[in-house]
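Shown here: input_28.txt, compact mmCIF, C-alpha atoms and all ligand atoms.
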# COMPACT_ATOMS: atom_id res chain seq x y z
CA MET K 186 121.40 119.30 60.40
CA LEU K 187 121.71 121.54 57.41
CA LEU K 188 118.61 119.99 55.95
CA GLU K 189 116.40 120.75 58.95
CA GLN K 190 117.72 124.28 59.23
CA THR K 191 117.19 124.93 55.57
CA LEU K 192 113.70 123.49 55.50
CA ALA K 193 112.67 125.56 58.51
CA GLN K 194 114.14 128.65 56.89
CA ILE K 195 112.39 128.01 53.59
CA LYS K 196 109.03 127.48 55.29
CA GLU K 197 109.43 130.67 57.23
CA LYS K 198 110.64 132.71 54.29
CA PHE K 199 108.14 131.42 51.72
CA PRO K 200 104.92 130.58 53.56
CA ASP K 201 102.84 130.93 50.43
CA PRO K 202 104.76 128.85 47.83
CA VAL K 203 105.48 125.95 50.17
CA LEU K 204 102.57 123.52 50.25
CA GLU K 205 103.96 120.97 52.70
CA THR K 206 106.98 118.84 53.51
CA THR K 207 106.78 115.08 53.69
CA GLU K 208 109.21 112.32 54.41
CA PHE K 209 109.57 109.11 52.47
CA ALA K 210 112.17 106.39 52.99
CA GLY K 211 114.19 108.68 55.21
CA GLU K 212 114.34 111.49 52.69
CA GLN K 213 112.65 114.85 52.85
CA ILE K 214 110.36 116.05 50.09
CA LEU K 215 109.46 119.71 49.77
CA HIS K 216 106.24 120.39 47.87
CA VAL K 217 105.98 123.84 46.33
CA LYS K 218 103.91 125.73 43.78
CA GLY K 219 105.39 125.62 40.30
CA GLN K 220 105.43 129.36 39.64
CA ASP K 221 107.73 129.99 42.62
CA ILE K 222 110.23 127.22 41.96
CA LEU K 223 113.07 129.47 40.83
CA ILE K 224 113.24 131.54 44.01
CA VAL K 225 112.91 128.47 46.25
CA LEU K 226 115.68 126.61 44.43
CA ALA K 227 117.90 129.70 44.37
CA THR K 228 117.56 129.91 48.15
CA LEU K 229 118.29 126.23 48.54
CA LYS K 230 121.35 126.55 46.34
CA ALA K 231 122.59 129.50 48.36
CA ASN K 232 122.07 127.42 51.50
CA GLY K 233 124.39 124.66 50.36
CA PHE K 234 122.29 122.37 48.18
CA ASN K 235 124.66 123.07 45.36
CA PHE K 236 124.16 120.08 43.07
CA LEU K 237 121.15 119.26 40.90
CA ALA K 238 121.38 115.49 40.62
CA ASP K 239 118.24 114.98 38.57
CA LEU K 240 115.26 116.79 37.14
CA THR K 241 112.23 114.90 35.98
CA ALA K 242 108.46 115.00 36.04
CA ILE K 243 105.51 112.92 37.18
CA ASP K 244 102.06 112.72 35.64
CA ASN K 245 99.63 112.52 38.56
CA LEU K 246 96.67 111.65 36.33
CA THR K 247 95.59 108.72 38.48
CA LEU K 248 97.84 109.31 41.47
CA GLY K 249 96.22 112.41 42.87
CA GLY K 250 98.28 115.28 44.21
CA TYR K 251 98.04 119.02 44.18
CA GLU K 252 98.07 119.33 40.39
CA ARG K 253 98.22 117.15 37.29
CA PHE K 254 102.02 117.40 36.86
CA ALA K 255 104.83 117.51 39.37
CA VAL K 256 108.33 118.47 38.26
CA SER K 257 110.79 117.00 40.73
CA TYR K 258 114.25 118.30 41.46
CA HIS K 259 116.72 116.09 43.31
CA LEU K 260 119.25 118.19 45.15
CA LEU K 261 122.44 117.15 46.88
CA CYS K 262 124.66 119.05 49.26
CA HIS K 263 128.26 118.16 48.63
CA LYS K 264 129.41 119.34 52.06
CA THR K 265 127.08 117.30 54.23
CA ALA K 266 125.97 114.69 51.68
CA GLU K 267 122.34 115.45 52.46
CA ARG K 268 119.67 115.06 49.84
CA LEU K 269 116.44 116.90 49.27
CA THR K 270 113.68 116.35 46.75
CA VAL K 271 111.65 119.34 45.65
CA LYS K 272 108.37 118.79 43.86
CA ALA K 273 106.90 121.68 41.93
CA TYR K 274 103.27 121.33 40.92
CA VAL K 275 102.01 122.61 37.57
CA PRO K 276 98.38 122.61 36.46
CA GLU K 277 97.08 120.72 33.44
CA GLU K 278 95.57 123.78 31.72
CA LYS K 279 98.74 125.83 31.68
CA PRO K 280 101.68 123.50 32.33
CA SER K 281 104.48 125.99 32.73
CA LEU K 282 106.97 127.06 35.37
CA PRO K 283 110.21 129.04 35.42
CA SER K 284 113.34 127.40 34.08
CA VAL K 285 116.19 126.79 36.52
CA GLU K 286 118.78 126.72 33.75
CA SER K 287 120.15 129.98 35.15
CA LEU K 288 121.05 128.16 38.40
CA TRP K 289 122.36 124.89 37.01
CA LYS K 290 123.47 124.47 33.40
CA THR K 291 122.62 120.77 33.66
CA ALA K 292 118.94 121.69 33.76
CA ASP K 293 119.16 122.74 30.12
CA TRP K 294 118.86 119.29 28.55
CA GLN K 295 116.81 117.82 31.38
CA GLU K 296 114.17 120.50 31.00
CA ARG K 297 114.15 119.84 27.28
CA GLU K 298 113.54 116.17 28.03
CA VAL K 299 110.63 116.97 30.36
CA PHE K 300 109.24 119.30 27.70
CA ASP K 301 109.60 116.61 25.04
CA LEU K 302 107.90 113.88 27.02
CA PHE K 303 105.38 115.80 29.15
CA GLY K 304 104.84 119.05 27.29
CA ILE K 305 105.68 121.19 30.30
CA ILE K 306 106.89 124.65 29.29
CA PHE K 307 109.92 126.06 31.09
CA GLU K 308 109.75 129.84 30.90
CA GLY K 309 113.06 131.48 30.21
CA HIS K 310 114.73 128.37 28.88
CA PRO K 311 117.27 129.39 26.20
CA ASN K 312 116.43 126.63 23.71
CA LEU K 313 113.27 124.71 24.53
CA ILE K 314 113.04 122.23 21.64
CA ARG K 315 112.54 118.45 21.57
CA ILE K 316 115.57 116.48 22.61
CA MET K 317 114.73 112.85 21.83
CA ASN K 318 111.64 112.57 19.65
CA PRO K 319 111.81 113.71 16.03
CA ASP K 320 111.28 117.43 15.54
CA ASP K 321 108.00 116.91 13.72
CA TYR K 322 106.62 114.59 16.41
CA GLU K 323 103.20 115.49 17.72
CA GLY K 324 102.20 114.98 21.32
CA HIS K 325 104.06 114.20 24.49
CA PRO K 326 104.27 110.45 24.94
CA LEU K 327 105.01 110.13 28.65
CA LYS K 328 101.68 111.63 29.56
CA LYS K 329 99.54 108.91 31.04
CA ASP K 330 96.72 109.55 28.58
CA TYR K 331 98.98 109.10 25.53
CA PRO K 332 98.17 105.81 23.76
CA ARG K 333 100.77 103.16 24.48
CA LEU K 334 101.00 102.14 20.84
CA GLY K 335 101.31 105.72 19.69
CA ARG K 336 99.29 107.63 17.16
CA LYS K 337 100.49 105.85 14.04
CA GLU K 338 103.96 107.39 14.29
CA ARG K 339 105.56 104.03 13.71
CA GLY K 340 103.80 103.26 10.45
CA ASP K 341 104.62 106.42 8.61
CA PHE K 342 107.60 105.64 6.39
CA PRO K 343 108.10 104.96 2.68
CA VAL K 344 108.13 101.29 1.76
CA ILE K 345 111.27 100.37 -0.17
CA ASP K 346 111.13 97.42 -2.55
CA ARG K 347 114.06 95.59 -3.94
CA GLY K 348 115.75 97.80 -6.49
CA ILE K 349 116.23 94.82 -8.76
CA GLN K 350 113.28 92.47 -8.95
CA LYS K 351 114.56 89.05 -8.05
CA GLN K 352 112.33 86.18 -8.96
CA LYS K 353 111.56 83.60 -6.30
CA PRO K 354 114.31 80.97 -6.37
CA SER K 355 113.02 78.15 -8.53
CA LYS K 356 113.14 74.74 -6.97
CA MET C 259 151.82 72.56 -23.42
CA ASN C 260 150.19 69.31 -24.26
CA HIS C 261 146.56 68.45 -23.89
CA ASN C 262 147.13 66.65 -20.61
CA ASP C 263 148.20 69.92 -19.01
CA ILE C 264 144.99 71.55 -20.13
CA LYS C 265 142.97 68.73 -18.64
CA SER C 266 144.51 69.13 -15.22
CA ASN C 267 144.55 72.93 -15.16
CA VAL C 268 141.26 74.05 -16.65
CA LEU C 269 137.90 73.83 -14.97
CA THR C 270 134.73 74.38 -16.91
CA THR C 271 131.68 75.87 -15.26
CA THR C 272 128.89 78.26 -16.04
CA LEU C 273 129.28 81.99 -15.70
CA GLU C 274 126.32 81.96 -13.35
CA SER C 275 127.79 79.56 -10.85
CA ALA C 276 131.20 81.22 -11.01
CA ILE C 277 129.64 84.58 -10.18
CA ASN C 278 127.45 83.12 -7.45
CA TRP C 279 130.41 81.26 -6.00
CA GLY C 280 132.34 84.49 -5.83
CA ARG C 281 129.50 86.46 -4.33
CA LYS C 282 128.51 84.00 -1.68
CA ASN C 283 132.00 83.42 -0.38
CA SER C 284 132.90 87.05 -0.14
CA LEU C 285 130.02 88.80 1.56
CA TRP C 286 130.87 92.20 2.99
CA PRO C 287 128.52 92.82 5.88
CA MET C 288 127.40 96.22 7.02
CA PRO C 289 126.36 95.88 10.67
CA PHE C 290 123.56 98.20 11.72
CA GLY C 291 123.85 97.57 15.45
CA THR C 292 121.50 99.72 17.50
CA ALA C 293 121.16 97.70 20.69
CA CYS C 294 122.19 94.59 22.57
CA CYS C 295 122.07 92.43 19.43
CA GLY C 296 124.91 94.57 18.10
CA ILE C 297 127.01 93.37 21.02
CA GLU C 298 126.11 89.78 20.23
CA PHE C 299 127.13 90.39 16.64
CA MET C 300 130.61 91.25 17.90
CA ALA C 301 130.73 87.79 19.41
CA VAL C 302 129.87 86.39 15.98
CA LEU C 303 132.95 88.12 14.62
CA ALA C 304 135.20 86.95 17.42
CA ALA C 305 137.37 83.86 17.53
CA ARG C 306 134.84 81.30 18.67
CA THR C 307 132.35 81.48 15.81
CA ASP C 308 134.52 83.56 13.46
CA ILE C 309 132.56 84.36 10.32
CA ALA C 310 135.88 84.77 8.50
CA ARG C 311 135.46 81.07 7.86
CA PHE C 312 132.57 82.00 5.57
CA GLY C 313 134.42 84.82 3.88
CA ALA C 314 132.30 87.45 5.59
CA GLU C 315 134.86 89.05 7.86
CA ALA C 316 135.31 92.24 5.86
CA ILE C 317 133.00 94.37 8.00
CA ARG C 318 132.36 97.69 6.31
CA PHE C 319 130.83 100.60 8.12
CA SER C 320 130.13 102.21 4.81
CA PRO C 321 126.99 100.95 3.05
CA ARG C 322 128.53 101.83 -0.30
CA GLN C 323 131.12 99.12 0.12
CA SER C 324 128.96 96.31 1.42
CA ASP C 325 126.40 93.88 0.12
CA LEU C 326 124.93 92.36 3.28
CA LEU C 327 123.00 94.53 5.71
CA ILE C 328 122.74 93.03 9.20
CA VAL C 329 120.14 94.91 11.23
CA ALA C 330 120.93 94.08 14.85
CA GLY C 331 118.74 95.80 17.39
CA ARG C 332 115.56 97.76 17.78
CA ILE C 333 114.82 100.47 15.26
CA SER C 334 113.07 103.54 16.59
CA ILE C 335 110.94 105.88 14.54
CA LYS C 336 113.84 108.30 14.53
CA MET C 337 116.23 105.64 13.23
CA MET C 338 114.03 104.18 10.49
CA PRO C 339 114.70 106.97 7.95
CA VAL C 340 118.43 106.42 8.56
CA LEU C 341 118.08 102.69 7.98
CA ILE C 342 116.10 103.26 4.79
CA ARG C 343 118.78 105.66 3.57
CA ILE C 344 121.53 103.18 4.33
CA TYR C 345 119.69 100.38 2.55
CA GLU C 346 119.25 102.57 -0.49
CA GLN C 347 122.92 103.50 -0.48
CA MET C 348 124.04 99.90 -0.78
CA PRO C 349 124.86 98.83 -4.34
CA GLU C 350 123.10 95.86 -5.90
CA PRO C 351 123.21 92.96 -5.41
CA LYS C 352 122.38 93.20 -1.72
CA TRP C 353 120.89 91.06 0.99
CA VAL C 354 119.43 91.81 4.40
CA ILE C 355 119.51 89.83 7.63
CA SER C 356 117.12 90.90 10.37
CA MET C 357 118.88 89.80 13.52
CA GLY C 358 116.92 89.32 16.71
CA ALA C 359 113.35 89.70 17.87
CA CYS C 360 113.48 93.50 17.88
CA ALA C 361 114.53 94.03 14.29
CA SER C 362 112.17 91.30 13.08
CA SER C 363 109.05 92.18 15.06
CA GLY C 364 109.73 94.90 17.60
CA GLY C 365 110.34 92.29 20.28
CA VAL C 366 109.10 93.25 23.71
CA PHE C 367 109.14 96.93 22.80
CA ASP C 368 105.56 97.34 21.65
CA THR C 369 105.56 101.11 22.14
CA TYR C 370 104.90 104.27 20.19
CA SER C 371 108.52 104.72 19.22
CA VAL C 372 109.76 101.29 18.10
CA ILE C 373 109.22 99.96 14.57
CA GLN C 374 107.39 96.63 14.76
CA GLY C 375 109.54 94.79 12.24
CA ILE C 376 111.81 96.42 9.69
CA ASP C 377 110.32 94.25 6.94
CA GLN C 378 107.36 96.62 6.86
CA PHE C 379 109.59 99.10 5.11
CA ILE C 380 112.66 97.38 3.66
CA PRO C 381 112.99 93.90 2.15
CA VAL C 382 114.46 91.24 4.43
CA ASP C 383 115.94 87.96 3.23
CA VAL C 384 116.60 86.03 6.43
CA TYR C 385 115.24 86.51 9.94
CA VAL C 386 117.14 85.28 12.98
CA PRO C 387 114.94 84.63 16.02
CA GLY C 388 116.24 85.07 19.54
CA CYS C 389 116.82 87.76 22.10
CA PRO C 390 119.65 87.97 21.32
CA PRO C 391 120.23 85.14 18.83
CA ARG C 392 123.17 82.94 19.64
CA PRO C 393 126.18 83.41 17.37
CA GLU C 394 125.45 80.00 15.88
CA GLY C 395 122.08 81.35 14.78
CA VAL C 396 123.72 84.25 12.98
CA VAL C 397 126.17 81.89 11.29
CA GLU C 398 123.22 79.78 10.21
CA SER C 399 121.54 82.84 8.74
CA LEU C 400 124.73 83.67 6.88
CA MET C 401 124.74 80.19 5.42
CA LYS C 402 121.08 80.64 4.46
CA ILE C 403 122.07 83.81 2.60
CA GLN C 404 124.81 81.84 0.86
CA ASN C 405 122.24 79.25 -0.21
CA LEU C 406 119.99 82.02 -1.53
CA ILE C 407 122.87 83.46 -3.54
CA ASP C 408 123.70 80.01 -4.86
CA LYS C 409 120.20 79.63 -6.28
CA GLU C 410 120.22 82.97 -8.03
CA LYS C 411 120.11 83.24 -11.80
CA LEU C 412 121.68 86.01 -13.80
CA SER C 413 118.34 86.50 -15.50
CA ASP C 414 116.84 87.33 -12.08
CA TYR C 415 118.70 90.57 -12.34
CA ALA C 416 116.69 91.98 -15.19
CA LEU C 417 116.27 95.58 -14.16
CA SER C 418 112.74 96.42 -13.18
CA SER C 419 111.18 98.55 -15.89
CA SER C 420 110.02 101.66 -14.05
CA LYS C 421 111.91 103.89 -11.53
S1 LIG K 501 116.25 91.09 20.31
FE1 LIG K 501 116.84 91.16 22.48
S2 LIG K 501 119.09 91.26 22.40
FE2 LIG K 501 118.34 91.86 20.38
S3 LIG K 501 118.17 94.07 20.42
FE3 LIG K 501 116.18 93.23 21.00
S4 LIG K 501 116.23 93.17 23.24
FE4 LIG K 501 118.34 93.38 22.54
What would you get if you wrote out this structure as structure tokens?
Ligand code: SF4
Amino acid sequence: MLLEQTLAQIKEKFPDPVLETTEFAGEQILHVKGQDILIVLATLKANGFNFLADLTAIDNLTLGGYERFAVSYHLLCHKTAERLTVKAYVPEEKPSLPSVESLWKTADWQEREVFDLFGIIFEGHPNLIRIMNPDDYEGHPLKKDYPRLGRKERGDFPVIDRGIQKQKPSK
Amino acid sequence: MNHNDIKSNVLTTTLESAINWGRKNSLWPMPFGTACCGIEFMAVLAARTDIARFGAEAIRFSPRQSDLLIVAGRISIKMMPVLIRIYEQMPEPKWVISMGACASSGGVFDTYSVIQGIDQFIPVDVYVPGCPPRPEGVVESLMKIQNLIDKEKLSDYALSSSK
């Protein structure tokens, strides 16, 4: 109930940002333009979708879609237990969209993770630095065009020999 | 004290074998458990296999107090500098067991972030295959280390000239 009302309201209120709504496996997906994500999510939150269950991203390199990247927000309404997925599309050339950290504090680390692995910039994020990879890491490894075996990151350490040279045990 | 007392109370041996005997029967392991193999290592410590029988039950989580490094689990590129540091902090003499497929070769994790075998960067004495190795396998590797220690000569420990 709440879901249908809210979706209708969002479509009416934001005709330009909303690209389409689809349904998959009984759940609604709202596709929007990345730049307008903050206002759409703020409206959804005000309408009862109060909980951000997950925030992640998809690289559409071979999948097709509106743009190269889709940042997906999984929302839950605690009152009616209804769920809604919002996908915000960001282009390859300028992968950035507003941060929703001001709405949900949990988005802080999750946006850092998406930044670390996909290189998507969240404007207005208080501390957008890498969260898992080393600080001096180059590249964003969850992009589909990142080499699976890395770019020599895993071979780049000093080789330690035995401090005391033991001879081979004599037979 | 007559000479018969001396006969039954004194044992002659070489300094080398006395030292090796002491070292091999009192290994102090430092477990570097980063993944599922670390859980299996706990089973090695528990009652069924019980490495206290080999004198290796004094688990130290400080590398400065241990002489056997057991690397149990996958090592990521972020963890490798830590492992190198810990290895360097251990006092000589020291030995290293690489426990499980991940520590020895990267295992199934052939990705950008997992080190494909810690022996590329630190010396390893014994490898234990398996994913995870059974506790018996780890006990076997401990006995292999004991055999290595047994064969050591004091002259092996001539300090390397440089560094
Ligand atoms: S070898 Fe297997 S059990 Fe051990 S850390 Fe790797 S995946 Fe886990």
What are the nearest atom pairs, with distances in Å to one decimal, for all residues of stretch 364-393 of chain C that come at most 7 Å from stretch 328-334 of chain C, using all atoms listed in the file, set out by chain and rising residue number as CSV?
residue,atom,partner,partner_atom,distance
C:Gly364,CA,C:Arg332,CA,6.5
C:Ser371,CA,C:Ser334,CA,5.4
C:Val372,CA,C:Ser334,CA,4.3
C:Ile373,CA,C:Ser334,CA,5.6
Would you give me, as JSON lines, each residue of chain C having an atom within 8 Å of an atom of ligand LIG 501 (chain K), along with its shortest atom pair and that distance in Å to one decimal, using all atoms listed in the file and sorting by chain and residue number?
{"residue": "C:Thr292", "atom": "CA", "partner": "K:LIG501", "partner_atom": "S3", "distance": 7.2}
{"residue": "C:Ala293", "atom": "CA", "partner": "K:LIG501", "partner_atom": "S3", "distance": 4.7}
{"residue": "C:Cys294", "atom": "CA", "partner": "K:LIG501", "partner_atom": "FE4", "distance": 4.0}
{"residue": "C:Cys295", "atom": "CA", "partner": "K:LIG501", "partner_atom": "FE2", "distance": 3.9}
{"residue": "C:Gly296", "atom": "CA", "partner": "K:LIG501", "partner_atom": "S3", "distance": 7.1}
{"residue": "C:Glu298", "atom": "CA", "partner": "K:LIG501", "partner_atom": "S2", "distance": 7.5}
{"residue": "C:Ala330", "atom": "CA", "partner": "K:LIG501", "partner_atom": "S3", "distance": 6.2}
{"residue": "C:Gly331", "atom": "CA", "partner": "K:LIG501", "partner_atom": "S3", "distance": 3.5}
{"residue": "C:Arg332", "atom": "CA", "partner": "K:LIG501", "partner_atom": "S3", "distance": 5.2}
{"residue": "C:Met357", "atom": "CA", "partner": "K:LIG501", "partner_atom": "FE2", "distance": 7.2}
{"residue": "C:Gly358", "atom": "CA", "partner": "K:LIG501", "partner_atom": "S1", "distance": 4.1}
{"residue": "C:Ala359", "atom": "CA", "partner": "K:LIG501", "partner_atom": "S1", "distance": 4.0}
{"residue": "C:Cys360", "atom": "CA", "partner": "K:LIG501", "partner_atom": "FE3", "distance": 4.1}
{"residue": "C:Ala361", "atom": "CA", "partner": "K:LIG501", "partner_atom": "S1", "distance": 6.9}
{"residue": "C:Gly364", "atom": "CA", "partner": "K:LIG501", "partner_atom": "FE3", "distance": 7.5}
{"residue": "C:Gly365", "atom": "CA", "partner": "K:LIG501", "partner_atom": "FE3", "distance": 6.0}
{"residue": "C:Val366", "atom": "CA", "partner": "K:LIG501", "partner_atom": "S4", "distance": 7.1}
{"residue": "C:Pro387", "atom": "CA", "partner": "K:LIG501", "partner_atom": "S1", "distance": 7.9}
{"residue": "C:Gly388", "atom": "CA", "partner": "K:LIG501", "partner_atom": "S1", "distance": 6.1}
{"residue": "C:Cys389", "atom": "CA", "partner": "K:LIG501", "partner_atom": "FE1", "distance": 3.4}
{"residue": "C:Pro390", "atom": "CA", "partner": "K:LIG501", "partner_atom": "S2", "distance": 3.5}
{"residue": "C:Pro391", "atom": "CA", "partner": "K:LIG501", "partner_atom": "FE2", "distance": 7.2}
Test item: axis-aligned box, all listed atoms of stretch 315-327 of chain C, 8 Å on each side, centre and edges in Å rounded to one decimal, as JSON:
{"center_x": 129.2, "center_y": 95.6, "center_z": 3.9, "size_x": 28.3, "size_y": 29.2, "size_z": 24.4}
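Every protein, DNA or RNA residue with an atom at most 8 Å from stretch 282-295 of chain K, where only C-alpha atoms count and chain neighbours fewer than 5 positions away do not, is listed here: Gly219, Gln220, Asp221, Ile222, Leu223, Leu226, Ala227, Phe236, Leu237, Asp239, Leu240, Thr241, Val275, Ile305, Ile306, Phe307, Glu308, Gly309, His310, Pro311, Asn312 and Ile316 of chain K.
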Dump as number ranges by chain the residues of chain C that approach chain K to within 6 Å, counting all atoms listed in the file. C: 335-336, 369-370, 373, 379-380, 414, 417-418
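Residue nearest C:Val302, chosen from C:Val268, C:Pro381, C:Ser356, C:Pro289 and counting only C-alpha atoms: C:Pro289.
The spacing separating atom CA of K:Ala255 from atom CA of C:Asp368 amounts to 26.9 Å.
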Neighbour list for C:Trp353 as a ChimeraX atom specification, cut-off 8 Å, only C-alpha atoms, skip fewer than 2 positions in-chain: /C:325-327,351,355,382-383,403
Please output stretch 224-233 of chain K, rebuilt to include all heavy atoms, as a CSV table (one decimal), in the frame of the given file.
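Listed below is the output, selection_17.csv:
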chain,number,residue,atom,x,y,z
K,224,ILE,N,112.8,130.8,42.8
K,224,ILE,CA,113.2,131.5,44.0
K,224,ILE,C,113.5,130.5,45.1
K,224,ILE,O,114.5,130.7,45.9
K,224,ILE,CB,112.2,132.6,44.4
K,224,ILE,CG1,112.7,133.4,45.7
K,224,ILE,CG2,110.9,132.1,44.7
K,224,ILE,CD1,112.5,134.8,45.6
K,225,VAL,N,112.7,129.5,45.2
K,225,VAL,CA,112.9,128.5,46.2
K,225,VAL,C,114.2,127.7,46.0
K,225,VAL,O,115.1,127.6,46.9
K,225,VAL,CB,111.7,127.5,46.3
K,225,VAL,CG1,112.1,126.3,47.2
K,225,VAL,CG2,110.5,128.2,46.7
K,226,LEU,N,114.4,127.3,44.7
K,226,LEU,CA,115.7,126.6,44.4
K,226,LEU,C,116.9,127.5,44.6
K,226,LEU,O,118.0,127.1,45.0
K,226,LEU,CB,115.6,126.0,43.0
K,226,LEU,CG,114.7,124.8,42.9
K,226,LEU,CD1,114.9,124.2,41.5
K,226,LEU,CD2,115.0,123.7,43.9
K,227,ALA,N,116.8,128.8,44.2
K,227,ALA,CA,117.9,129.7,44.4
K,227,ALA,C,118.3,129.8,45.8
K,227,ALA,O,119.5,129.8,46.2
K,227,ALA,CB,117.5,131.1,43.8
K,228,THR,N,117.3,129.9,46.7
K,228,THR,CA,117.6,129.9,48.2
K,228,THR,C,118.2,128.6,48.6
K,228,THR,O,119.2,128.7,49.4
K,228,THR,CB,116.3,130.1,48.9
K,228,THR,OG1,115.5,131.1,48.3
K,228,THR,CG2,116.5,130.5,50.4
K,229,LEU,N,117.7,127.5,48.1
K,229,LEU,CA,118.3,126.2,48.5
K,229,LEU,C,119.7,126.1,48.1
K,229,LEU,O,120.6,125.7,48.8
K,229,LEU,CB,117.5,125.1,48.0
K,229,LEU,CG,116.2,124.8,48.7
K,229,LEU,CD1,115.4,123.8,47.9
K,229,LEU,CD2,116.4,124.2,50.1
K,230,LYS,N,120.0,126.6,46.9
K,230,LYS,CA,121.4,126.6,46.3
K,230,LYS,C,122.3,127.4,47.2
K,230,LYS,O,123.4,127.0,47.6
K,230,LYS,CB,121.4,127.0,44.9
K,230,LYS,CG,122.7,126.7,44.2
K,230,LYS,CD,122.8,127.2,42.8
K,230,LYS,CE,124.1,126.9,42.2
K,230,LYS,NZ,124.3,127.5,40.9
K,231,ALA,N,121.8,128.6,47.5
K,231,ALA,CA,122.6,129.5,48.4
K,231,ALA,C,122.8,128.9,49.7
K,231,ALA,O,123.8,129.2,50.4
K,231,ALA,CB,121.9,130.8,48.5
K,232,ASN,N,121.9,128.0,50.2
K,232,ASN,CA,122.1,127.4,51.5
K,232,ASN,C,122.9,126.2,51.5
K,232,ASN,O,123.1,125.5,52.5
K,232,ASN,CB,120.7,127.1,52.1
K,232,ASN,CG,120.1,128.2,52.8
K,232,ASN,OD1,120.7,128.6,53.8
K,232,ASN,ND2,119.0,128.7,52.4
K,233,GLY,N,123.5,125.8,50.4
K,233,GLY,CA,124.4,124.7,50.4
K,233,GLY,C,124.0,123.5,49.5
K,233,GLY,O,124.8,122.6,49.2
